[in-house]
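What follows is the content of target_30.cif (mmCIF, C-alpha atoms).
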```cif
data_protein
loop_
_atom_site.label_atom_id
_atom_site.label_comp_id
_atom_site.auth_asym_id
_atom_site.auth_seq_id
_atom_site.Cartn_x
_atom_site.Cartn_y
_atom_site.Cartn_z
CA MET A 4 6.12 -17.18 20.15
CA TYR A 5 3.40 -19.22 18.50
CA LEU A 6 5.46 -19.42 15.29
CA LEU A 7 8.51 -20.80 17.07
CA PHE A 8 6.65 -23.91 18.25
CA ASN A 9 4.67 -24.56 15.09
CA SER A 10 6.63 -26.56 12.50
CA ASN A 11 4.28 -25.64 9.62
CA LYS A 12 4.63 -21.91 10.28
CA MET A 13 8.40 -22.26 10.64
CA PHE A 14 8.54 -24.02 7.28
CA PHE A 15 6.60 -21.21 5.60
CA ILE A 16 8.85 -18.57 7.21
CA PHE A 17 11.89 -20.40 5.80
CA ILE A 18 10.28 -20.45 2.32
CA LEU A 19 9.43 -16.75 2.71
CA PHE A 20 13.10 -15.87 3.32
CA PHE A 21 14.31 -18.26 0.63
CA SER A 22 11.93 -16.86 -2.02
CA THR A 23 13.27 -13.32 -1.49
CA LEU A 24 16.80 -14.64 -2.08
CA ILE A 25 15.57 -16.34 -5.29
CA SER A 26 14.13 -13.03 -6.52
CA ILE A 27 17.12 -10.83 -5.81
CA SER A 28 19.75 -13.31 -7.04
CA SER A 29 17.99 -14.34 -10.26
CA ASN A 30 19.63 -13.41 -13.58
CA SER A 31 16.36 -13.28 -15.55
CA TRP A 32 13.07 -11.42 -15.09
CA LEU A 33 11.17 -14.72 -15.17
CA GLY A 34 13.25 -15.97 -12.22
CA CYS A 35 12.42 -12.76 -10.34
CA TRP A 36 8.73 -13.33 -11.04
CA ILE A 37 8.92 -16.95 -9.78
CA GLY A 38 10.60 -15.74 -6.55
CA LEU A 39 7.81 -13.20 -6.00
CA GLU A 40 5.13 -15.85 -6.55
CA VAL A 41 6.75 -18.26 -4.08
CA ASN A 42 6.98 -15.37 -1.61
CA LEU A 43 3.26 -14.69 -2.00
CA LEU A 44 2.28 -18.34 -1.58
CA SER A 45 4.43 -18.69 1.55
CA PHE A 46 3.12 -15.53 3.26
CA ILE A 47 -0.58 -16.38 2.85
CA PRO A 48 -0.47 -19.47 5.15
CA LEU A 49 1.28 -17.32 7.78
CA ILE A 50 -1.54 -14.76 7.87
CA SER A 51 -4.54 -17.05 7.37
CA ASN A 52 -6.24 -18.51 10.40
CA SER A 53 -9.33 -20.71 10.14
CA ASN A 54 -10.56 -19.61 13.59
CA ASN A 55 -10.61 -15.94 12.63
CA LEU A 56 -12.80 -14.82 9.72
CA PHE A 57 -11.10 -11.42 9.58
CA ASN A 58 -7.74 -13.12 9.01
CA SER A 59 -9.20 -15.20 6.18
CA GLU A 60 -10.62 -12.08 4.54
CA THR A 61 -7.23 -10.37 4.92
CA SER A 62 -5.36 -13.26 3.30
CA LEU A 63 -7.82 -13.25 0.37
CA LYS A 64 -7.38 -9.47 -0.13
CA TYR A 65 -3.60 -9.85 0.02
CA PHE A 66 -3.68 -12.70 -2.51
CA LEU A 67 -5.81 -10.70 -4.98
CA THR A 68 -3.70 -7.53 -4.88
CA GLN A 69 -0.40 -9.39 -5.14
CA SER A 70 -1.77 -11.55 -7.98
CA ILE A 71 -2.80 -8.46 -9.97
CA ALA A 72 0.70 -6.98 -9.49
CA SER A 73 2.33 -10.29 -10.54
CA ILE A 74 0.12 -10.56 -13.65
CA ASN A 75 1.04 -6.99 -14.59
CA PHE A 76 4.74 -7.78 -14.07
CA LEU A 77 4.61 -11.00 -16.12
CA PHE A 78 2.62 -9.32 -18.92
CA THR A 79 5.20 -6.50 -19.10
CA ILE A 80 8.11 -8.96 -19.29
CA LEU A 81 6.48 -10.99 -22.09
CA PHE A 82 5.30 -7.84 -23.91
CA SER A 83 8.81 -6.36 -23.94
CA MET A 84 10.42 -9.65 -25.02
CA ILE A 85 7.98 -10.05 -27.93
CA LEU A 86 8.08 -6.42 -29.07
CA PHE A 87 11.64 -5.32 -28.38
CA GLN A 88 13.54 -8.64 -28.12
CA ASN A 89 15.69 -7.04 -25.39
CA PHE A 90 15.23 -4.62 -22.51
CA GLU A 91 16.10 -1.31 -24.10
CA ASN A 92 15.31 1.74 -22.01
CA ASN A 93 11.65 2.10 -22.96
CA PHE A 94 9.54 4.65 -21.06
CA LEU A 95 6.28 2.62 -21.08
CA ILE A 96 7.93 -0.68 -20.08
CA SER A 97 9.87 0.93 -17.22
CA ILE A 98 6.70 2.58 -15.84
CA LEU A 99 4.76 -0.71 -16.06
CA ILE A 100 7.48 -2.67 -14.25
CA ASN A 101 7.89 0.08 -11.65
CA SER A 102 4.12 0.21 -11.10
CA SER A 103 3.83 -3.53 -10.54
CA MET A 104 6.68 -3.39 -8.00
CA LEU A 105 5.10 -0.38 -6.26
CA MET A 106 1.82 -2.29 -6.03
CA LYS A 107 3.67 -5.27 -4.55
CA MET A 108 5.03 -3.22 -1.66
CA GLY A 109 1.99 -0.96 -1.13
CA SER A 110 3.37 2.31 -2.46
CA THR A 111 1.24 5.38 -3.04
CA PRO A 112 -1.00 5.19 -6.07
CA PHE A 113 -1.65 1.53 -5.18
CA HIS A 114 -1.54 1.85 -1.39
CA PHE A 115 -5.25 1.40 -0.58
CA TRP A 116 -4.91 -2.32 0.20
CA PHE A 117 -2.04 -1.84 2.64
CA PRO A 118 -3.73 -0.29 5.73
CA ASN A 119 -6.77 -2.57 5.34
CA ILE A 120 -4.62 -5.69 5.27
CA MET A 121 -2.48 -4.48 8.19
CA GLU A 122 -5.67 -4.08 10.22
CA GLY A 123 -6.36 -7.82 10.02
CA LEU A 124 -2.87 -9.08 10.95
CA SER A 125 -1.08 -9.94 14.17
CA TRP A 126 1.86 -7.73 15.16
CA LEU A 127 4.44 -10.31 14.00
CA ASN A 128 2.83 -10.52 10.55
CA CYS A 129 2.62 -6.71 10.45
CA PHE A 130 6.36 -6.59 11.11
CA ILE A 131 7.07 -9.05 8.24
CA LEU A 132 4.78 -7.13 5.86
CA MET A 133 6.34 -3.75 6.68
CA THR A 134 9.98 -4.87 6.43
CA TRP A 135 10.87 -8.18 4.75
CA GLN A 136 8.12 -8.06 2.10
CA LYS A 137 9.53 -4.76 0.77
CA ILE A 138 13.04 -6.09 0.08
CA SER A 139 12.57 -7.98 -3.20
CA PRO A 140 10.25 -5.40 -4.88
CA MET A 141 12.66 -2.59 -3.92
CA ILE A 142 15.69 -4.39 -5.36
CA LEU A 143 13.80 -5.31 -8.57
CA LEU A 144 12.72 -1.66 -8.77
CA SER A 145 16.37 -0.56 -8.64
CA TYR A 146 17.21 -2.78 -11.66
CA TYR A 147 14.94 -0.87 -14.04
CA MET A 148 14.07 2.48 -12.50
CA ASN A 149 12.38 5.40 -14.24
CA ILE A 150 13.98 8.32 -12.38
CA ASN A 151 11.37 11.03 -13.11
CA PHE A 152 8.47 8.69 -12.30
CA MET A 153 10.18 7.62 -9.05
CA MET A 154 10.68 11.23 -7.96
CA LEU A 155 6.95 11.85 -8.28
CA ILE A 156 6.19 8.60 -6.43
CA MET A 157 8.50 9.33 -3.51
CA ILE A 158 6.96 12.80 -3.00
CA LEU A 159 3.47 11.23 -3.10
CA ASN A 160 4.59 8.55 -0.63
CA VAL A 161 5.84 10.94 2.03
CA THR A 162 2.79 13.22 1.57
CA ILE A 163 0.07 10.55 1.69
CA GLY A 164 1.92 8.65 4.44
CA ALA A 165 1.87 11.83 6.55
CA PHE A 166 -1.71 12.98 5.89
CA GLY A 167 -3.17 9.46 5.97
CA GLY A 168 -2.17 9.10 9.62
CA PHE A 169 -4.62 11.77 10.76
CA ASN A 170 -7.86 10.64 12.45
CA GLN A 171 -6.55 7.06 12.82
CA THR A 172 -7.48 5.33 16.04
CA SER A 173 -5.94 1.99 15.09
CA LEU A 174 -2.23 1.66 15.80
CA ARG A 175 -1.83 -0.90 12.99
CA LYS A 176 -3.23 1.57 10.44
CA LEU A 177 -1.02 4.29 11.89
CA MET A 178 2.02 2.04 11.46
CA ALA A 179 0.87 1.25 7.90
CA PHE A 180 0.80 4.95 6.94
CA SER A 181 4.13 5.40 8.73
CA SER A 182 5.48 2.58 6.53
CA ILE A 183 4.16 4.33 3.38
CA ASN A 184 5.90 7.54 4.50
CA ASN A 185 9.18 5.69 5.13
CA LEU A 186 8.86 4.01 1.73
CA GLY A 187 9.28 7.46 0.13
CA TRP A 188 12.53 7.89 2.06
CA MET A 189 13.64 4.38 1.03
CA ILE A 190 13.04 5.12 -2.67
CA ALA A 191 15.10 8.31 -2.29
CA ALA A 192 17.86 6.27 -0.58
CA MET A 193 17.72 3.68 -3.39
CA MET A 194 18.12 6.42 -6.01
CA ILE A 195 21.21 7.74 -4.18
CA SER A 196 22.94 4.42 -3.47
CA GLU A 197 22.09 0.83 -2.66
CA ASN A 198 24.28 0.87 0.47
CA LEU A 199 22.37 3.84 1.84
CA TRP A 200 19.10 2.02 1.13
CA MET A 201 20.34 -1.05 3.03
CA PHE A 202 21.40 1.16 5.95
CA TYR A 203 18.00 2.90 6.02
CA LEU A 204 16.15 -0.44 5.79
CA PHE A 205 18.22 -1.87 8.65
CA MET A 206 17.47 1.15 10.86
CA TYR A 207 13.77 1.11 9.95
CA THR A 208 13.55 -2.65 10.60
CA PHE A 209 15.12 -2.17 14.03
CA LEU A 210 12.62 0.55 15.01
CA VAL A 211 9.57 -1.29 13.63
CA MET A 212 10.70 -4.50 15.36
CA MET A 213 10.85 -2.61 18.65
CA MET A 214 7.38 -1.07 18.21
CA CYS A 215 5.75 -4.34 17.12
CA PHE A 216 7.43 -6.23 19.99
CA LEU A 217 6.13 -3.71 22.55
CA PHE A 218 2.60 -3.65 21.16
CA SER A 219 2.56 -7.45 20.90
CA ILE A 220 3.64 -7.92 24.55
CA LEU A 221 1.12 -5.35 25.81
CA ASN A 222 -1.56 -6.68 23.41
CA ILE A 223 -2.34 -3.13 22.25
CA PHE A 224 -4.12 -2.48 18.94
CA PHE A 225 -5.88 0.87 19.46
CA MET A 226 -4.83 4.26 20.82
CA ASN A 227 -7.28 4.37 23.72
CA GLN A 228 -5.62 1.25 25.15
CA LEU A 229 -2.48 3.32 25.63
CA TYR A 230 -4.46 5.75 27.80
CA ASN A 231 -6.42 3.31 29.93
CA PHE A 232 -3.88 0.59 30.59
CA ASN A 233 -2.33 0.41 34.00
CA THR A 234 1.10 0.05 32.41
CA ASN A 235 4.49 0.66 33.86
CA PHE A 236 5.65 4.27 33.32
CA SER A 237 9.01 3.09 31.94
CA ILE A 238 7.20 1.13 29.20
CA LYS A 239 5.38 4.30 28.16
CA ILE A 240 8.73 6.11 28.04
CA CYS A 241 10.14 3.29 25.85
CA ILE A 242 7.18 3.57 23.46
CA MET A 243 7.68 7.35 23.35
CA ILE A 244 11.41 7.05 22.57
CA ASN A 245 10.77 4.58 19.76
CA PHE A 246 7.93 6.67 18.31
CA PHE A 247 10.18 9.75 18.25
CA SER A 248 12.97 7.73 16.67
CA LEU A 249 10.57 6.41 14.02
CA GLY A 250 9.48 9.99 13.28
CA GLY A 251 13.10 11.14 12.92
CA LEU A 252 13.51 13.56 15.81
CA PRO A 253 17.17 14.73 15.88
CA PRO A 254 18.80 13.22 19.00
CA PHE A 255 17.34 9.78 18.26
CA LEU A 256 18.63 6.99 16.05
CA GLY A 257 15.91 7.31 13.37
CA PHE A 258 17.09 10.82 12.48
CA PHE A 259 20.52 9.63 11.32
CA PRO A 260 19.61 7.90 7.98
CA LYS A 261 17.13 10.71 7.19
CA TRP A 262 19.88 13.24 7.82
CA ILE A 263 22.18 11.49 5.30
CA ILE A 264 19.41 11.43 2.65
CA ILE A 265 18.59 15.13 3.15
CA ASN A 266 22.31 15.92 2.95
CA PHE A 267 22.57 14.14 -0.43
CA LEU A 268 19.42 15.82 -1.75
CA LEU A 269 20.68 19.28 -0.77
CA ASN A 270 24.13 18.65 -2.28
CA ASN A 271 22.46 17.75 -5.57
CA ASN A 272 20.22 20.87 -5.48
CA PHE A 273 16.93 19.05 -4.84
CA PHE A 274 15.81 21.79 -2.45
CA ILE A 275 12.05 21.46 -3.00
CA ILE A 276 12.06 17.66 -2.53
CA SER A 277 14.14 17.92 0.67
CA PHE A 278 11.80 20.67 1.97
CA ILE A 279 8.74 18.44 1.32
CA PHE A 280 10.45 15.49 3.05
CA VAL A 281 11.26 17.54 6.16
CA MET A 282 7.76 19.08 6.36
CA MET A 283 6.07 15.68 6.07
CA SER A 284 8.35 14.29 8.79
CA LEU A 285 7.15 17.13 11.03
CA ILE A 286 3.53 16.11 10.39
CA MET A 287 4.39 12.49 11.26
CA LEU A 288 6.02 13.68 14.48
CA PHE A 289 2.94 15.75 15.29
CA PHE A 290 0.60 12.78 15.53
CA TYR A 291 3.22 10.61 17.25
CA ILE A 292 3.56 13.34 19.90
CA ARG A 293 -0.22 13.65 20.11
CA ILE A 294 -0.50 9.94 20.98
CA MET A 295 2.32 9.99 23.51
CA TYR A 296 1.35 13.28 25.15
CA SER A 297 -2.17 11.99 25.81
CA SER A 298 -0.84 8.65 27.02
CA LEU A 299 1.65 10.22 29.46
CA MET A 300 -0.44 13.15 30.73
CA PHE A 301 -3.96 11.74 31.03
CA PHE A 302 -5.21 10.30 34.27
CA ASN A 303 -4.77 6.52 34.27
CA PHE A 304 -7.52 4.34 35.62
CA LYS A 305 -6.02 2.18 38.35
CA PHE A 306 -8.01 -0.98 37.80
CA LYS A 307 -6.90 -3.80 40.05
CA TRP A 308 -8.16 -6.34 37.53
CA LEU A 309 -6.32 -4.75 34.60
CA LYS A 310 -2.66 -5.27 35.30
CA ILE A 311 0.01 -6.23 32.81
CA PHE A 312 2.81 -8.43 34.00
CA ILE A 313 5.89 -8.48 31.79
CA LYS A 314 8.70 -10.97 32.28
CA ASN A 315 12.03 -9.56 33.43
CA LYS A 316 13.80 -10.89 30.32
CA SER A 317 11.42 -8.99 28.04
CA MET A 318 11.87 -5.84 30.12
CA ILE A 319 15.67 -6.02 29.85
CA PHE A 320 15.34 -6.48 26.07
CA ILE A 321 12.96 -3.48 25.78
CA ASN A 322 15.15 -1.20 27.92
CA PHE A 323 18.36 -2.14 26.10
CA PHE A 324 16.96 -1.46 22.61
CA SER A 325 15.28 1.75 23.76
CA LEU A 326 18.67 2.89 25.06
CA ILE A 327 20.21 2.18 21.63
CA SER A 328 17.40 4.18 20.04
CA LEU A 329 17.88 7.04 22.51
CA LEU A 330 21.68 7.20 22.27
CA GLY A 331 21.78 6.20 18.61
CA MET A 332 23.32 9.43 17.33
CA ILE A 333 26.16 9.13 19.86
CA PHE A 334 26.87 5.56 18.73
CA SER A 335 26.67 6.51 15.07
CA THR A 336 29.33 9.23 15.45
CA LEU A 337 31.77 6.59 16.71
CA PHE A 338 31.36 4.59 13.49
CA PHE A 339 31.41 7.47 11.01
CA LEU A 340 34.55 9.37 12.06
#
```
Show me, as structure tokens, the structure contained in the file I just sent.
Amino acid sequence: MYLLFNSNKMFFIFILFFSTLISISSNSWLGCWIGLEVNLLSFIPLISNSNNLFNSETSLKYFLTQSIASINFLFTILFSMILFQNFENNFLISILINSSMLMKMGSTPFHFWFPNIMEGLSWLNCFILMTWQKISPMILLSYYMNINFMMLIMILNVTIGAFGGFNQTSLRKLMAFSSINNLGWMIAAMMISENLWMFYLFMYTFLVMMMCFLFSILNIFFMNQLYNFNTNFSIKICIMINFFSLGGLPPFLGFFPKWIIINFLLNNNFFIISFIFVMMSLIMLFFYIRIMYSSLMFFNFKFKWLKIFIKNKSMIFINFFSLISLLGMIFSTLFFL
């Protein structure tokens, strides 16, 4: 809500959206690079806060990593223009461009900055970083994709995203590793078709929006807060539904795009890749269930001084979107007859 009443922040959000449109609609690589730079310079004021030293450190880390990726991208463009005069399908150039885009969105070999930066952000900024900030690098990646390299990267993404979530007590870091895992699915969707990628991104954005909204309202950042808080039982059920949907459990909405991707992979005889994807989704579900099982089954401390009051409007919003997430497969069958 703070962003809605702050004209400076609203201006930077507008520039953030506009810069992504510059990147994806540009007809030259230099235009794409300019869009990415404007995007970087508009996101840093959103995450920096002079009152909080941790936020300032986070914005500096984000600036450094994104700058290195941008320098790599610009160097590759200039290198290819000087050496080859045009973008022929060169193995080295494609890997360099792909690597700089993967670093931009926090994909696996370059993912170490992503959970650390997520740890220092508010839930709204986490939501922007996990969803909107991935759009322009993903689309630029699709322009000049090295298929074999991307297959390795998407397997690494789902594997490290799954195993990285173990022993995490911070919900923001857990969501960061969940985002890395989903990035592997998104790359697979992008390799199949751009429409499928857009569908998956829309579904993922919906689920992440729901989780970030819930955690922001409850002011929850760590797992033990889920156990101790004297929260309404229906809110815990809503968090559980959305966690299961994010993990891709079959009756829920999040399973549907994953099902389509697995279907395509199996039809094209990528049995090993689809097996890895399914196994890693099971691991993700394991630690989502571990969180929710503890939260629902443990004894709650009934502190009179620790009550959370949620406005009725917010509660209606939460219940409605949780219902969509719960009955998502039923709705989806109506549209895909």
If you count only C-alpha atoms, which residues fall within 9 Å of Ser248 in chain A, apart from same-chain ones fewer than 3 positions away, as a list in words?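 Once the adjacent positions are removed, what remains is Leu210, Met243, Ile244, Asn245, Gly251, Leu252, Pro253, Pro254, Phe255, Leu256, Gly257, Phe258, Ser328 and Leu329 of chain A.
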Applying the PyMOL selection byres ((chain A and resi 139) around 12) to the file I just gave you, which residues come out? Please list them as number ranges by chain. A: 19-29, 35-43, 104-105, 107-108, 132, 134-138, 140-146
Could you write out that same residue set with C-alpha atoms as an mmCIF file, keeping the file's coordinate frame?
```cif
data_model
loop_
_atom_site.group_PDB
_atom_site.id
_atom_site.type_symbol
_atom_site.label_atom_id
_atom_site.label_comp_id
_atom_site.auth_asym_id
_atom_site.auth_seq_id
_atom_site.Cartn_x
_atom_site.Cartn_y
_atom_site.Cartn_z
ATOM 1 C CA LEU A 19 9.430 -16.750 2.710
ATOM 2 C CA PHE A 20 13.100 -15.870 3.320
ATOM 3 C CA PHE A 21 14.310 -18.260 0.630
ATOM 4 C CA SER A 22 11.930 -16.860 -2.020
ATOM 5 C CA THR A 23 13.270 -13.320 -1.490
ATOM 6 C CA LEU A 24 16.800 -14.640 -2.080
ATOM 7 C CA ILE A 25 15.570 -16.340 -5.290
ATOM 8 C CA SER A 26 14.130 -13.030 -6.520
ATOM 9 C CA ILE A 27 17.120 -10.830 -5.810
ATOM 10 C CA SER A 28 19.750 -13.310 -7.040
ATOM 11 C CA SER A 29 17.990 -14.340 -10.260
ATOM 12 C CA CYS A 35 12.420 -12.760 -10.340
ATOM 13 C CA TRP A 36 8.730 -13.330 -11.040
ATOM 14 C CA ILE A 37 8.920 -16.950 -9.780
ATOM 15 C CA GLY A 38 10.600 -15.740 -6.550
ATOM 16 C CA LEU A 39 7.810 -13.200 -6.000
ATOM 17 C CA GLU A 40 5.130 -15.850 -6.550
ATOM 18 C CA VAL A 41 6.750 -18.260 -4.080
ATOM 19 C CA ASN A 42 6.980 -15.370 -1.610
ATOM 20 C CA LEU A 43 3.260 -14.690 -2.000
ATOM 21 C CA MET A 104 6.680 -3.390 -8.000
ATOM 22 C CA LEU A 105 5.100 -0.380 -6.260
ATOM 23 C CA LYS A 107 3.670 -5.270 -4.550
ATOM 24 C CA MET A 108 5.030 -3.220 -1.660
ATOM 25 C CA LEU A 132 4.780 -7.130 5.860
ATOM 26 C CA THR A 134 9.980 -4.870 6.430
ATOM 27 C CA TRP A 135 10.870 -8.180 4.750
ATOM 28 C CA GLN A 136 8.120 -8.060 2.100
ATOM 29 C CA LYS A 137 9.530 -4.760 0.770
ATOM 30 C CA ILE A 138 13.040 -6.090 0.080
ATOM 31 C CA PRO A 140 10.250 -5.400 -4.880
ATOM 32 C CA MET A 141 12.660 -2.590 -3.920
ATOM 33 C CA ILE A 142 15.690 -4.390 -5.360
ATOM 34 C CA LEU A 143 13.800 -5.310 -8.570
ATOM 35 C CA LEU A 144 12.720 -1.660 -8.770
ATOM 36 C CA SER A 145 16.370 -0.560 -8.640
ATOM 37 C CA TYR A 146 17.210 -2.780 -11.660
#
```
Residues near Tyr291 in chain A, cut-off 8 Å, all atoms listed in the file, skip fewer than 3 positions along chain, as an MDAnalysis selection string: chainID A and resid 246:247 250 287:288 294:295
Could you tell me which residues the PyMOL selection byres ((chain A and resi 49) around 12) returns for this structure, as an mmCIF file with C-alpha atoms, in the frame of the given file?
```cif
data_model
loop_
_atom_site.group_PDB
_atom_site.id
_atom_site.type_symbol
_atom_site.label_atom_id
_atom_site.label_comp_id
_atom_site.auth_asym_id
_atom_site.auth_seq_id
_atom_site.Cartn_x
_atom_site.Cartn_y
_atom_site.Cartn_z
ATOM 1 C CA TYR A 5 3.400 -19.220 18.500
ATOM 2 C CA LEU A 6 5.460 -19.420 15.290
ATOM 3 C CA ASN A 9 4.670 -24.560 15.090
ATOM 4 C CA SER A 10 6.630 -26.560 12.500
ATOM 5 C CA ASN A 11 4.280 -25.640 9.620
ATOM 6 C CA LYS A 12 4.630 -21.910 10.280
ATOM 7 C CA MET A 13 8.400 -22.260 10.640
ATOM 8 C CA PHE A 14 8.540 -24.020 7.280
ATOM 9 C CA PHE A 15 6.600 -21.210 5.600
ATOM 10 C CA ILE A 16 8.850 -18.570 7.210
ATOM 11 C CA PHE A 17 11.890 -20.400 5.800
ATOM 12 C CA ILE A 18 10.280 -20.450 2.320
ATOM 13 C CA LEU A 19 9.430 -16.750 2.710
ATOM 14 C CA ASN A 42 6.980 -15.370 -1.610
ATOM 15 C CA LEU A 43 3.260 -14.690 -2.000
ATOM 16 C CA LEU A 44 2.280 -18.340 -1.580
ATOM 17 C CA SER A 45 4.430 -18.690 1.550
ATOM 18 C CA PHE A 46 3.120 -15.530 3.260
ATOM 19 C CA ILE A 47 -0.580 -16.380 2.850
ATOM 20 C CA PRO A 48 -0.470 -19.470 5.150
ATOM 21 C CA ILE A 50 -1.540 -14.760 7.870
ATOM 22 C CA SER A 51 -4.540 -17.050 7.370
ATOM 23 C CA ASN A 52 -6.240 -18.510 10.400
ATOM 24 C CA SER A 53 -9.330 -20.710 10.140
ATOM 25 C CA ASN A 58 -7.740 -13.120 9.010
ATOM 26 C CA SER A 59 -9.200 -15.200 6.180
ATOM 27 C CA THR A 61 -7.230 -10.370 4.920
ATOM 28 C CA SER A 62 -5.360 -13.260 3.300
ATOM 29 C CA TYR A 65 -3.600 -9.850 0.020
ATOM 30 C CA LEU A 124 -2.870 -9.080 10.950
ATOM 31 C CA SER A 125 -1.080 -9.940 14.170
ATOM 32 C CA LEU A 127 4.440 -10.310 14.000
ATOM 33 C CA ASN A 128 2.830 -10.520 10.550
ATOM 34 C CA CYS A 129 2.620 -6.710 10.450
ATOM 35 C CA ILE A 131 7.070 -9.050 8.240
ATOM 36 C CA LEU A 132 4.780 -7.130 5.860
#
```
Selected residue, from A:Gly123, A:Phe259, A:Ala72, A:Ile96, that lies nearest to Asn55 in chain A when counting all atoms listed in the file: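 For Asn55 in chain A, the nearest of the given residues is A:Gly123.
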With all atoms listed in the file as the atoms that count, which of A:Trp32, A:Phe320, A:Phe82, A:Phe130 lies nearest to Ile238 in chain A?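 Ranked by minimum distance to Ile238 in chain A, first place goes to A:Phe320.
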Work out how far CA of Met194 in chain A is from CA of Leu86 in chain A, in Å to one decimal.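 Straight-line distance from CA of Leu86 in chain A to CA of Met194 in chain A works out to 28.2 Å.
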Quick one: apply the PyMOL selection byres ((chain A and resi 150) around 12) to the file and drop the selected residues here as a list in words.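 When the PyMOL selection byres ((chain A and resi 150) around 12) is applied, the selected residues are Asn92, Phe94, Ser97, Ile98, Asn101, Leu144, Ser145, Tyr146, Tyr147, Met148, Asn149, Asn151, Phe152, Met153, Met154, Leu155, Ile156, Met157, Ile190, Ala191, Met193, Met194 and Ile195 of chain A.
Across the model, the gap from CA of Leu299 in chain A to CA of Phe236 in chain A is 8.1 Å.
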